[in-house]
file target08.txt (compact mmCIF, C-alpha atoms)
# COMPACT_ATOMS: atom_id res chain seq x y z
CA MET A 184 6.42 -18.13 -22.62
CA ALA A 185 4.21 -15.08 -23.02
CA GLU A 186 5.19 -12.39 -25.50
CA GLY A 187 5.85 -8.95 -24.08
CA PRO A 188 8.44 -6.27 -23.34
CA LEU A 189 9.83 -8.40 -20.48
CA SER A 190 10.31 -11.49 -22.65
CA GLY A 191 13.68 -13.00 -21.77
CA ILE A 192 13.47 -11.91 -18.13
CA THR A 193 13.33 -14.75 -15.59
CA ILE A 194 11.88 -14.20 -12.13
CA VAL A 195 12.25 -16.57 -9.19
CA ASP A 196 9.12 -15.95 -7.17
CA MET A 197 9.19 -16.98 -3.51
CA THR A 198 6.05 -15.06 -2.63
CA ARG A 199 2.70 -16.32 -1.48
CA VAL A 200 -0.90 -15.25 -0.86
CA LEU A 201 -1.50 -11.91 -2.66
CA ALA A 202 0.95 -8.98 -2.84
CA GLY A 203 3.92 -10.85 -4.31
CA PRO A 204 1.92 -13.16 -6.58
CA TYR A 205 -0.09 -10.20 -7.93
CA CYS A 206 3.18 -8.40 -8.70
CA THR A 207 4.61 -11.38 -10.58
CA MET A 208 1.32 -11.91 -12.43
CA VAL A 209 1.61 -8.37 -13.78
CA LEU A 210 5.21 -9.04 -14.82
CA SER A 211 4.21 -12.38 -16.35
CA ASP A 212 1.50 -10.64 -18.39
CA LEU A 213 4.28 -8.35 -19.65
CA GLY A 214 6.25 -11.36 -20.87
CA ALA A 215 8.49 -12.34 -17.96
CA ARG A 216 9.02 -15.99 -17.10
CA VAL A 217 7.95 -16.60 -13.49
CA ILE A 218 9.21 -19.65 -11.59
CA LYS A 219 7.15 -20.00 -8.44
CA VAL A 220 9.04 -21.60 -5.54
CA GLU A 221 6.60 -23.19 -3.07
CA GLN A 222 6.65 -25.09 0.19
CA PRO A 223 6.65 -28.88 -0.36
CA GLY A 224 3.37 -30.56 0.49
CA THR A 225 1.19 -27.50 0.91
CA GLY A 226 2.53 -24.92 -1.51
CA ASP A 227 1.34 -21.33 -1.43
CA GLU A 228 -1.32 -21.20 1.29
CA ALA A 229 -3.60 -19.44 -1.18
CA ARG A 230 -4.09 -22.86 -2.81
CA GLY A 231 -6.30 -23.68 0.18
CA THR A 232 -8.39 -20.50 -0.02
CA GLY A 233 -11.81 -20.53 -1.68
CA PRO A 234 -13.89 -20.18 -3.68
CA PHE A 235 -13.04 -23.42 -5.48
CA LEU A 236 -13.57 -24.44 -9.07
CA GLY A 237 -13.51 -28.20 -8.59
CA PRO A 238 -10.20 -28.83 -6.81
CA VAL A 239 -8.67 -25.51 -7.93
CA SER A 240 -8.67 -22.43 -5.71
CA GLY A 241 -10.21 -19.52 -7.58
CA TYR A 242 -8.24 -17.20 -5.31
CA PHE A 243 -4.95 -18.85 -6.28
CA ALA A 244 -5.89 -19.09 -9.95
CA SER A 245 -6.74 -15.39 -10.17
CA ILE A 246 -3.13 -14.30 -9.57
CA ASN A 247 -0.93 -17.27 -10.55
CA ARG A 248 -1.82 -18.02 -14.15
CA GLY A 249 1.00 -18.67 -16.57
CA LYS A 250 3.66 -19.43 -13.93
CA GLU A 251 5.81 -22.50 -13.36
CA SER A 252 5.91 -24.27 -9.99
CA ILE A 253 8.64 -26.09 -8.12
CA ALA A 254 8.49 -27.16 -4.47
CA LEU A 255 11.68 -26.57 -2.46
CA ASN A 256 12.55 -26.78 1.21
CA LEU A 257 15.37 -24.31 1.73
CA LYS A 258 16.39 -26.05 4.95
CA GLU A 259 17.46 -29.14 2.97
CA ASP A 260 20.84 -29.19 1.25
CA ASN A 261 19.68 -30.66 -2.06
CA ASP A 262 16.85 -28.16 -2.42
CA ARG A 263 19.19 -25.34 -1.45
CA GLU A 264 21.42 -26.24 -4.36
CA VAL A 265 18.46 -26.29 -6.72
CA PHE A 266 17.40 -22.88 -5.43
CA ARG A 267 20.90 -21.46 -5.88
CA ALA A 268 20.92 -22.74 -9.46
CA LEU A 269 17.55 -21.13 -10.16
CA VAL A 270 18.69 -17.80 -8.75
CA GLY A 271 21.92 -18.02 -10.70
CA GLY A 272 19.92 -18.24 -13.92
CA ALA A 273 17.42 -15.54 -12.98
CA ASP A 274 17.24 -11.78 -13.40
CA VAL A 275 14.98 -11.13 -10.41
CA LEU A 276 14.29 -12.76 -7.06
CA ILE A 277 11.18 -11.62 -5.21
CA GLU A 278 10.17 -12.74 -1.71
CA ASN A 279 7.67 -11.62 0.90
CA TYR A 280 9.03 -13.08 4.10
CA ARG A 281 9.45 -11.03 7.23
CA PRO A 282 12.81 -9.20 7.28
CA GLY A 283 15.58 -11.52 8.43
CA VAL A 284 14.06 -14.83 7.31
CA MET A 285 16.06 -15.07 4.07
CA LYS A 286 19.23 -14.11 5.95
CA LYS A 287 18.68 -16.95 8.42
CA LEU A 288 18.28 -19.33 5.49
CA GLY A 289 21.63 -18.15 4.13
CA PHE A 290 20.12 -16.33 1.14
CA GLY A 291 19.94 -12.75 2.33
CA TRP A 292 20.60 -9.80 0.06
CA ASP A 293 24.25 -9.43 1.05
CA VAL A 294 25.03 -13.08 0.29
CA LEU A 295 23.16 -13.21 -3.01
CA HIS A 296 24.46 -9.84 -4.19
CA ALA A 297 28.05 -10.93 -3.58
CA GLU A 298 27.48 -14.15 -5.54
CA PHE A 299 25.20 -12.74 -8.24
CA PRO A 300 25.95 -9.02 -8.56
CA SER A 301 23.53 -8.45 -11.43
CA LEU A 302 20.58 -10.02 -9.56
CA ILE A 303 17.68 -7.75 -8.66
CA TYR A 304 16.32 -8.68 -5.24
CA ALA A 305 12.80 -7.48 -4.39
CA ALA A 306 11.47 -7.82 -0.86
CA VAL A 307 7.80 -7.12 -0.10
CA SER A 308 6.82 -7.06 3.56
CA GLY A 309 4.30 -5.43 5.84
CA PHE A 310 6.52 -2.63 7.10
CA GLY A 311 9.74 -2.78 5.08
CA HIS A 312 13.26 -3.72 6.15
CA SER A 313 13.89 -0.71 8.38
CA GLY A 314 12.03 1.20 11.05
CA PRO A 315 10.58 0.18 14.42
CA TYR A 316 7.79 -1.99 12.95
CA SER A 317 9.96 -3.88 10.47
CA GLU A 318 9.65 -7.29 12.13
CA ARG A 319 5.88 -7.13 12.61
CA ALA A 320 3.58 -9.30 10.55
CA ALA A 321 0.83 -7.66 8.51
CA TYR A 322 -2.12 -8.45 6.31
CA ASP A 323 -4.01 -6.18 3.96
CA MET A 324 -6.54 -4.80 6.42
CA VAL A 325 -3.86 -4.10 9.03
CA VAL A 326 -2.06 -1.69 6.72
CA GLN A 327 -5.30 -0.24 5.35
CA ALA A 328 -6.09 0.66 8.95
CA MET A 329 -2.65 1.84 10.03
CA GLY A 330 -2.02 3.75 6.81
CA GLY A 331 -5.13 5.91 7.10
CA VAL A 332 -7.08 4.51 4.15
CA MET A 333 -9.78 3.01 6.37
CA SER A 334 -10.21 6.34 8.14
CA LEU A 335 -11.29 7.80 4.79
CA THR A 336 -13.54 4.92 3.74
CA GLY A 337 -17.24 4.49 4.48
CA HIS A 338 -19.90 6.95 5.62
CA PRO A 339 -19.67 9.58 8.36
CA GLY A 340 -20.44 8.01 11.72
CA GLY A 341 -20.38 4.49 10.26
CA GLU A 342 -18.44 1.44 11.36
CA PRO A 343 -14.82 1.02 10.21
CA THR A 344 -14.83 -0.16 6.60
CA ARG A 345 -12.06 -1.65 4.48
CA VAL A 346 -11.81 -0.89 0.78
CA GLY A 347 -13.72 -3.61 -1.08
CA THR A 348 -10.59 -5.10 -2.66
CA SER A 349 -7.28 -5.80 -0.93
CA MET A 350 -5.69 -2.46 -1.69
CA GLY A 351 -2.97 -2.94 0.91
CA ASP A 352 -1.63 -5.90 -1.02
CA ILE A 353 -2.39 -4.67 -4.51
CA THR A 354 -0.76 -1.25 -4.14
CA ALA A 355 2.35 -2.96 -2.73
CA ALA A 356 2.30 -5.34 -5.70
CA LEU A 357 2.14 -2.51 -8.21
CA PHE A 358 4.85 -0.45 -6.52
CA ALA A 359 7.02 -3.59 -6.44
CA ALA A 360 6.43 -4.11 -10.16
CA ILE A 361 7.47 -0.50 -10.82
CA GLY A 362 10.57 -0.98 -8.69
CA ILE A 363 11.51 -4.15 -10.56
CA CYS A 364 11.02 -2.62 -14.00
CA SER A 365 13.01 0.51 -13.08
CA SER A 366 15.77 -1.67 -11.59
CA LEU A 367 15.93 -3.71 -14.79
CA TYR A 368 16.44 -0.46 -16.71
CA HIS A 369 19.14 0.64 -14.24
CA ARG A 370 20.87 -2.71 -14.62
CA ALA A 371 20.80 -2.35 -18.40
CA GLN A 372 22.71 0.91 -17.98
CA THR A 373 25.16 -0.18 -15.25
CA GLY A 374 25.19 -3.98 -15.11
CA GLN A 375 24.42 -3.82 -11.40
CA GLY A 376 21.57 -5.39 -9.50
CA GLN A 377 20.06 -3.82 -6.41
CA MET A 378 17.65 -4.52 -3.57
CA ILE A 379 14.09 -3.22 -3.69
CA ASP A 380 12.47 -2.77 -0.27
CA ILE A 381 8.66 -2.45 -0.44
CA GLY A 382 6.64 -1.97 2.75
CA MET A 383 2.87 -2.34 2.50
CA LEU A 384 2.33 0.45 5.04
CA ASP A 385 4.54 2.79 2.98
CA CYS A 386 2.38 2.09 -0.06
CA GLN A 387 -0.82 2.94 1.80
CA VAL A 388 0.65 6.28 2.86
CA ALA A 389 1.71 6.87 -0.75
CA VAL A 390 -1.86 6.49 -2.07
CA LEU A 391 -3.52 8.83 0.41
CA GLU A 392 -3.80 11.20 -2.56
CA ASN A 393 -4.56 14.71 -1.25
CA ALA A 394 -5.50 13.75 2.32
CA ILE A 395 -2.10 14.74 3.74
CA ALA A 396 -2.16 18.01 1.79
CA ARG A 397 -5.68 18.78 3.07
CA TYR A 398 -4.61 18.16 6.65
CA SER A 399 -1.50 20.28 6.19
CA ALA A 400 -3.52 23.12 4.69
CA THR A 401 -6.44 23.17 7.11
CA GLY A 402 -5.35 21.37 10.28
CA GLU A 403 -8.57 19.35 10.03
CA ILE A 404 -8.33 15.55 10.06
CA PRO A 405 -10.04 14.13 6.95
CA GLY A 406 -12.71 11.52 7.57
CA PRO A 407 -15.08 9.30 5.59
CA LEU A 408 -17.43 11.07 3.17
CA GLY A 409 -19.30 8.16 1.63
CA ALA A 410 -19.07 8.38 -2.14
CA ARG A 411 -18.42 12.10 -2.49
CA HIS A 412 -15.16 13.80 -3.31
CA PRO A 413 -13.70 15.94 -0.52
CA SER A 414 -13.20 19.04 -2.65
CA ILE A 415 -14.93 18.67 -6.05
CA VAL A 416 -18.72 19.21 -6.17
CA PRO A 417 -20.86 17.62 -7.54
CA PHE A 418 -18.82 14.41 -7.50
CA ASP A 419 -20.98 11.81 -5.77
CA ALA A 420 -23.59 9.05 -5.93
CA PHE A 421 -27.09 10.47 -6.33
CA LYS A 422 -30.47 8.80 -5.91
CA THR A 423 -32.61 8.20 -8.98
CA ALA A 424 -36.12 6.76 -9.24
CA ASP A 425 -34.80 3.18 -9.19
CA SER A 426 -31.20 3.16 -7.90
CA HIS A 427 -28.20 5.52 -7.92
CA ILE A 428 -26.11 7.29 -10.52
CA ILE A 429 -22.55 8.52 -10.24
CA ILE A 430 -22.06 12.07 -11.51
CA ALA A 431 -18.63 13.70 -11.64
CA ALA A 432 -18.89 17.30 -12.84
CA GLY A 433 -15.26 18.15 -12.27
CA ASN A 434 -15.29 21.83 -13.24
CA ASP A 435 -17.59 24.85 -13.53
CA GLY A 436 -18.26 24.33 -17.22
CA LEU A 437 -19.35 20.73 -16.72
CA PHE A 438 -21.61 21.83 -13.88
CA VAL A 439 -23.42 24.29 -16.15
CA ARG A 440 -23.89 21.57 -18.78
CA LEU A 441 -25.16 19.17 -16.13
CA CYS A 442 -27.79 21.61 -14.93
CA GLU A 443 -28.90 22.24 -18.50
CA ALA A 444 -29.16 18.47 -19.12
CA LEU A 445 -31.29 18.10 -15.99
CA GLY A 446 -33.62 20.78 -17.31
CA ARG A 447 -32.74 23.07 -14.41
CA PRO A 448 -30.29 25.68 -15.81
CA GLU A 449 -31.24 28.04 -12.99
CA ILE A 450 -29.40 25.81 -10.48
CA ALA A 451 -26.10 26.79 -12.08
CA LYS A 452 -27.00 30.46 -11.64
CA ASP A 453 -27.73 30.13 -7.93
CA GLU A 454 -25.22 32.28 -6.05
CA ARG A 455 -24.43 29.34 -3.77
CA TYR A 456 -23.28 27.24 -6.71
CA LEU A 457 -21.49 29.63 -9.07
CA LYS A 458 -18.00 28.26 -8.32
CA ASN A 459 -16.69 24.92 -7.10
CA ALA A 460 -15.52 26.42 -3.81
CA LEU A 461 -19.06 27.71 -3.17
CA ARG A 462 -20.62 24.39 -4.14
CA ALA A 463 -18.30 22.64 -1.67
CA GLN A 464 -19.65 24.93 1.07
CA HIS A 465 -23.25 24.06 0.16
CA VAL A 466 -22.79 20.43 -0.88
CA ASP A 467 -25.85 19.11 0.96
CA ALA A 468 -28.18 21.75 -0.43
CA LEU A 469 -26.92 21.13 -3.97
CA GLY A 470 -27.35 17.37 -3.53
CA ALA A 471 -30.96 17.89 -2.50
CA ASP A 472 -31.63 20.16 -5.48
CA MET A 473 -30.14 17.63 -7.89
CA GLU A 474 -31.96 14.64 -6.40
CA SER A 475 -35.27 16.47 -6.61
CA VAL A 476 -34.82 16.12 -10.36
CA LEU A 477 -32.96 12.83 -10.59
CA THR A 478 -35.56 10.92 -8.56
CA THR A 479 -38.19 11.65 -11.19
CA ASN A 480 -36.72 9.12 -13.60
CA SER A 481 -34.56 5.98 -13.84
CA THR A 482 -30.82 5.64 -13.77
CA GLU A 483 -30.85 4.36 -17.34
CA HIS A 484 -32.75 7.46 -18.49
CA TRP A 485 -30.39 9.87 -16.76
CA LEU A 486 -27.29 8.06 -18.03
CA GLY A 487 -28.43 8.72 -21.57
CA VAL A 488 -29.28 12.34 -20.88
CA ILE A 489 -26.15 13.22 -18.90
CA GLN A 490 -23.75 11.28 -21.13
CA GLY A 491 -25.34 13.06 -24.07
CA ALA A 492 -24.37 16.36 -22.49
CA GLY A 493 -20.76 15.22 -22.21
CA VAL A 494 -20.75 15.10 -18.42
CA PRO A 495 -18.92 12.11 -16.85
CA CYS A 496 -21.36 9.73 -15.19
CA GLY A 497 -21.88 6.02 -14.67
CA ALA A 498 -23.96 3.28 -13.16
CA ILE A 499 -22.86 1.38 -10.05
CA ASN A 500 -22.31 -2.05 -11.57
CA ASN A 501 -22.18 -5.32 -9.68
CA ILE A 502 -19.58 -7.90 -10.70
CA ALA A 503 -21.93 -9.75 -13.06
CA GLN A 504 -22.66 -6.46 -14.82
CA VAL A 505 -18.95 -5.64 -15.02
CA ILE A 506 -18.16 -8.96 -16.69
CA ALA A 507 -21.03 -8.49 -19.16
CA ASP A 508 -20.18 -4.86 -19.94
CA PRO A 509 -19.50 -4.53 -23.69
CA HIS A 510 -16.66 -2.07 -23.14
CA VAL A 511 -14.97 -4.35 -20.59
CA GLN A 512 -15.30 -7.19 -23.08
CA ALA A 513 -14.02 -5.08 -25.97
CA ARG A 514 -10.97 -4.14 -23.90
CA ASN A 515 -10.26 -7.85 -23.21
CA MET A 516 -10.46 -7.29 -19.46
CA VAL A 517 -11.91 -10.74 -18.77
CA VAL A 518 -9.61 -13.48 -20.05
CA THR A 519 -9.66 -17.24 -19.71
CA THR A 520 -7.32 -20.06 -18.87
CA HIS A 521 -7.95 -23.78 -19.06
CA ASP A 522 -7.42 -26.30 -16.29
CA LYS A 523 -7.76 -30.04 -16.84
CA ASP A 524 -9.67 -30.39 -13.55
CA ALA A 525 -11.59 -27.11 -13.32
CA GLY A 526 -12.20 -26.50 -17.02
CA THR A 527 -12.34 -22.93 -18.31
CA ILE A 528 -11.60 -20.29 -15.67
CA ARG A 529 -12.43 -16.61 -16.19
CA LEU A 530 -9.95 -14.11 -14.75
CA SER A 531 -9.21 -10.39 -14.83
CA GLY A 532 -7.24 -9.30 -17.88
CA ASN A 533 -4.18 -7.11 -18.23
CA PRO A 534 -4.97 -3.36 -18.28
CA ILE A 535 -1.58 -2.48 -19.79
CA LYS A 536 -2.28 -2.34 -23.52
CA LEU A 537 0.90 -2.08 -25.61
CA SER A 538 0.94 -1.31 -29.31
CA GLY A 539 3.92 -3.57 -29.94
CA PHE A 540 2.51 -6.72 -28.35
CA SER A 541 -0.63 -8.83 -28.49
CA ASP A 542 -3.18 -9.04 -25.68
CA PRO A 543 -4.33 -12.68 -25.86
CA GLU A 544 -7.79 -13.69 -24.71
CA THR A 545 -6.44 -17.00 -23.38
CA ARG A 546 -3.62 -17.06 -20.81
CA GLY A 547 -1.24 -19.69 -19.49
CA ALA A 548 -2.51 -22.38 -17.18
CA VAL A 549 -2.55 -22.21 -13.39
CA PRO A 550 0.35 -24.40 -12.22
CA LYS A 551 -0.13 -27.49 -10.10
CA LEU A 552 2.18 -27.69 -7.10
CA ASP A 553 5.66 -28.83 -8.20
CA GLU A 554 4.37 -29.39 -11.74
CA HIS A 555 7.51 -28.13 -13.45
CA ARG A 556 10.18 -29.72 -11.25
CA GLU A 557 11.47 -32.17 -13.85
CA ASN A 558 11.83 -29.59 -16.60
CA LEU A 559 13.39 -27.00 -14.31
CA MET A 560 15.87 -29.50 -12.88
CA PHE A 561 16.90 -30.51 -16.39
CA GLU A 562 17.31 -26.87 -17.45
CA PHE A 563 19.06 -25.37 -14.45
CA MET A 564 20.96 -28.24 -12.81
CA LYS A 565 23.56 -28.70 -15.53
call {"tool": "encode", "arguments": {"input": "target08.txt", "output": "structure tokens"}}
result
Amino acid sequence: MAEGPLSGITIVDMTRVLAGPYCTMVLSDLGARVIKVEQPGTGDEARGTGPFLGPVSGYFASINRGKESIALNLKEDNDREVFRALVGGADVLIENYRPGVMKKLGFGWDVLHAEFPSLIYAAVSGFGHSGPYSERAAYDMVVQAMGGVMSLTGHPGGEPTRVGTSMGDITAALFAAIGICSSLYHRAQTGQGQMIDIGMLDCQVAVLENAIARYSATGEIPGPLGARHPSIVPFDAFKTADSHIIIAAGNDGLFVRLCEALGRPEIAKDERYLKNALRAQHVDALGADMESVLTTNSTEHWLGVIQGAGVPCGAINNIAQVIADPHVQARNMVVTTHDKDAGTIRLSGNPIKLSGFSDPETRGAVPKLDEHRENLMFEFMK
């Protein structure tokens, strides 16, 4: 088992695809033992999603490393008894069925809480276990759209655009992980388990940042702005001679330093740009003034100049560049696991760096379907 602050915590993981498995991967990286309960024959449907490394789904591997797998059909009596034994020995149960499915199987919150009062039960679903949409199905892009995130993404007048990663699932996963960790703390104080109800749509509303506040303050509906920040200027992607550079001058002092670094200190003295609020009113004019300088040289040149002035900036890296980045490597943000069929697999690392625990470069293997049945049966069916 992995070392971490959650060492000694056992999680029965009935989730599939992305939100739930991402949540339990985070908890596994923090030391929890994760027992993945899968459908016999097919397992988590993510096992069939590409790209593939030999016979292994890269999609599945990316969020299921270091877990144990057992295949159970909860409609069969024998498997139901195995499942009950697993839950009885666990601290947390997490599932991402539609509301009502676990109840129909005889393992709803009320039943399990009565039998195992210290159990923490986490349910992740599209719309949560209450409200008029609760029984609807959802995938990532559905909640990105319904929750307003897609309305803020892309360029003005462009086609609807989803965020480039599955933020609907991932935000739900992270909020679920927070709920589980806080519930474990509560249980340590009281001895009582509780139910955690995570709706993916709720999580999208929660990460709208200041969009709701802007609408409340102005009555104007926020829309897509491309790369730029809605209220901080300059905070955008700017053209250079060979590509683009991200510049984030988040206050008036940084803006003055930026203009000095560009060799155009007079820009900072322009009455239109003296304060952030004024710059926001003249954002297009300021962008043109900056690009008239930036397009005279390369992104690499300007990164050196602007970083040297202490102004936050960066290149727009593709994934190959991210993996090769020396800082990403130094922070151990690309780790490996070994599979007997696929060989070495590179995966995203754990961003939670803890002084009291190691951050290994190699992680636990990706489980084969039902791989751990024999050991789990021996351990739990006593």
call {"tool": "closest_residue", "arguments": {"input": "target08.txt", "among": "A:Leu357, A:Ile381, A:Ala451, A:Ile535", "to": "Gly436 of chain A", "atoms": "all atoms listed in the file"}}
result
A:Ala451
call {"tool": "residues_around", "arguments": {"input": "target08.txt", "residues": "Cys364 of chain A", "least_positions_apart": "4", "cutoff": "10 Å", "atoms": "all atoms listed in the file", "output": "MDAnalysis selection string"}}
result
chainID A and resid 189 210 303 358:360 368:370
call {"tool": "closest_atom_pairs", "arguments": {"input": "target08.txt", "of": "segment 336-450 of chain A", "to": "segment 198-209 of chain A", "cutoff": "12 Å", "atoms": "all atoms listed in the file", "output": "CSV"}}
result
residue,atom,partner,partner_atom,distance
A:Thr348,CA,A:Leu201,CA,11.4
A:Ser349,CA,A:Leu201,CA,8.6
A:Met350,CA,A:Ala202,CA,9.4
A:Gly351,CA,A:Ala202,CA,8.1
A:Asp352,CA,A:Ala202,CA,4.4
A:Ile353,CA,A:Ala202,CA,5.7
A:Thr354,CA,A:Ala202,CA,8.0
A:Ala355,CA,A:Ala202,CA,6.2
A:Ala356,CA,A:Cys206,CA,4.4
A:Leu357,CA,A:Cys206,CA,6.0
A:Phe358,CA,A:Cys206,CA,8.4
A:Ala359,CA,A:Cys206,CA,6.6
A:Ala360,CA,A:Cys206,CA,5.6
A:Ile361,CA,A:Cys206,CA,9.2
A:Gly362,CA,A:Cys206,CA,10.5
A:Ile363,CA,A:Cys206,CA,9.5
A:Cys364,CA,A:Val209,CA,11.0
A:Ile381,CA,A:Ala202,CA,10.4
A:Gly382,CA,A:Ala202,CA,10.6
A:Met383,CA,A:Ala202,CA,8.7
A:Cys386,CA,A:Ala202,CA,11.5
call {"tool": "residues_around", "arguments": {"input": "target08.txt", "residues": "segment 464-472 of chain A", "least_positions_apart": "3", "cutoff": "9 Å", "atoms": "all atoms listed in the file", "output": "NGL selection string"}}
result
:A and (416-417 or 419 or 421 or 450 or 455-456 or 459-461 or 475-476)
call {"tool": "residues_around", "arguments": {"input": "target08.txt", "residues": "Glu278 of chain A", "least_positions_apart": "6", "cutoff": "10 Å", "atoms": "only C-alpha atoms", "output": "list in words"}}
result
Val195, Asp196, Met197, Thr198, Arg199, Gly203, Pro204, Val220, Met285, Tyr304, Ala305, Ala306, Val307 and Ser308 of chain A
call {"tool": "residues_near_point", "arguments": {"input": "target08.txt", "point": "(18.8, -17.3, -14.1)", "cutoff": "9 Å", "atoms": "only C-alpha atoms", "output": "compact mmCIF listing (two decimals) with C-alpha atoms, in the frame of the given file"}}
result
# COMPACT_ATOMS: atom_id res chain seq x y z
CA ILE A 192 13.47 -11.91 -18.13
CA THR A 193 13.33 -14.75 -15.59
CA ILE A 194 11.88 -14.20 -12.13
CA VAL A 195 12.25 -16.57 -9.19
CA ALA A 268 20.92 -22.74 -9.46
CA LEU A 269 17.55 -21.13 -10.16
CA VAL A 270 18.69 -17.80 -8.75
CA GLY A 271 21.92 -18.02 -10.70
CA GLY A 272 19.92 -18.24 -13.92
CA ALA A 273 17.42 -15.54 -12.98
CA ASP A 274 17.24 -11.78 -13.40
CA VAL A 275 14.98 -11.13 -10.41
CA LEU A 302 20.58 -10.02 -9.56
CA PHE A 563 19.06 -25.37 -14.45
call {"tool": "atom_distance", "arguments": {"input": "target08.txt", "atom1": "atom CA of Leu288 of chain A", "atom2": "atom CA of Asn256 of chain A"}}
result
10.3 Å
call {"tool": "closest_residue", "arguments": {"input": "target08.txt", "among": "A:Gly226, A:Pro282, A:Gly409, A:Gly311", "to": "Gly341 of chain A", "atoms": "all atoms listed in the file"}}
result
A:Gly409
call {"tool": "closest_residue", "arguments": {"input": "target08.txt", "among": "A:Phe438, A:His484, A:Ser190, A:Glu259", "to": "Asp453 of chain A", "atoms": "only C-alpha atoms"}}
result
A:Phe438
call {"tool": "residues_near_point", "arguments": {"input": "target08.txt", "point": "(-3.0, -17.2, -14.1)", "cutoff": "9 Å", "atoms": "only C-alpha atoms", "output": "ChimeraX atom specification"}}
result
/A:208,211,243-250,519-520,530,546-550
call {"tool": "atom_distance", "arguments": {"input": "target08.txt", "atom1": "atom CA of Pro495 of chain A", "atom2": "atom CA of Ala431 of chain A"}}
result
5.5 Å
call {"tool": "atom_distance", "arguments": {"input": "target08.txt", "atom1": "atom CA of Glu474 of chain A", "atom2": "atom CA of Gly446 of chain A"}}
result
12.6 Å
call {"tool": "residues_around", "arguments": {"input": "target08.txt", "residues": "Ile404 of chain A", "least_positions_apart": "5", "cutoff": "9 Å", "atoms": "all atoms listed in the file", "output": "list in words"}}
result
Ala394, Ile395, Arg397 and Tyr398 of chain A
call {"tool": "residues_around", "arguments": {"input": "target08.txt", "residues": "Asp542 of chain A", "least_positions_apart": "6", "cutoff": "12 Å", "atoms": "all atoms listed in the file", "output": "list in words"}}
result
Ala185, Glu186, Gly187, Asp212, Leu213, Gly214, Ala513, Arg514, Asn515, Met516, Val517, Val518, Gly532, Asn533, Pro534, Ile535 and Lys536 of chain A
call {"tool": "build_atoms", "arguments": {"input": "target08.txt", "residues": "segment 448-462 of chain A", "atoms": "N, CA and C atoms", "output": "short mmCIF file (atom, residue, chain, number, x, y, z; two decimals), in the coordinates of the input"}}
result
data_model
loop_
_atom_site.label_atom_id
_atom_site.label_comp_id
_atom_site.auth_asym_id
_atom_site.auth_seq_id
_atom_site.Cartn_x
_atom_site.Cartn_y
_atom_site.Cartn_z
N PRO A 448 -31.44 24.80 -15.63
CA PRO A 448 -30.29 25.68 -15.81
C PRO A 448 -30.17 26.73 -14.71
N GLU A 449 -31.28 27.03 -14.05
CA GLU A 449 -31.24 28.04 -12.99
C GLU A 449 -30.41 27.60 -11.79
N ILE A 450 -30.23 26.28 -11.60
CA ILE A 450 -29.40 25.81 -10.48
C ILE A 450 -27.97 26.33 -10.63
N ALA A 451 -27.47 26.33 -11.86
CA ALA A 451 -26.10 26.79 -12.08
C ALA A 451 -25.94 28.28 -11.84
N LYS A 452 -27.06 29.00 -11.85
CA LYS A 452 -27.00 30.46 -11.64
C LYS A 452 -27.23 30.85 -10.19
N ASP A 453 -27.56 29.87 -9.37
CA ASP A 453 -27.73 30.13 -7.93
C ASP A 453 -26.41 30.62 -7.35
N GLU A 454 -26.45 31.70 -6.59
CA GLU A 454 -25.22 32.28 -6.05
C GLU A 454 -24.42 31.30 -5.19
N ARG A 455 -25.11 30.32 -4.61
CA ARG A 455 -24.43 29.34 -3.77
C ARG A 455 -23.59 28.37 -4.60
N TYR A 456 -23.88 28.29 -5.90
CA TYR A 456 -23.28 27.24 -6.71
C TYR A 456 -22.45 27.77 -7.89
N LEU A 457 -22.14 29.05 -7.90
CA LEU A 457 -21.49 29.63 -9.07
C LEU A 457 -20.08 29.09 -9.30
N LYS A 458 -19.36 28.78 -8.23
CA LYS A 458 -18.00 28.26 -8.32
C LYS A 458 -17.88 26.99 -7.49
N ASN A 459 -16.87 26.18 -7.83
CA ASN A 459 -16.69 24.92 -7.10
C ASN A 459 -16.51 25.15 -5.60
N ALA A 460 -15.75 26.16 -5.23
CA ALA A 460 -15.52 26.42 -3.81
C ALA A 460 -16.83 26.71 -3.09
N LEU A 461 -17.74 27.43 -3.77
CA LEU A 461 -19.06 27.71 -3.17
C LEU A 461 -19.90 26.45 -3.10
N ARG A 462 -19.85 25.65 -4.15
CA ARG A 462 -20.62 24.39 -4.14
C ARG A 462 -20.15 23.48 -3.02
#
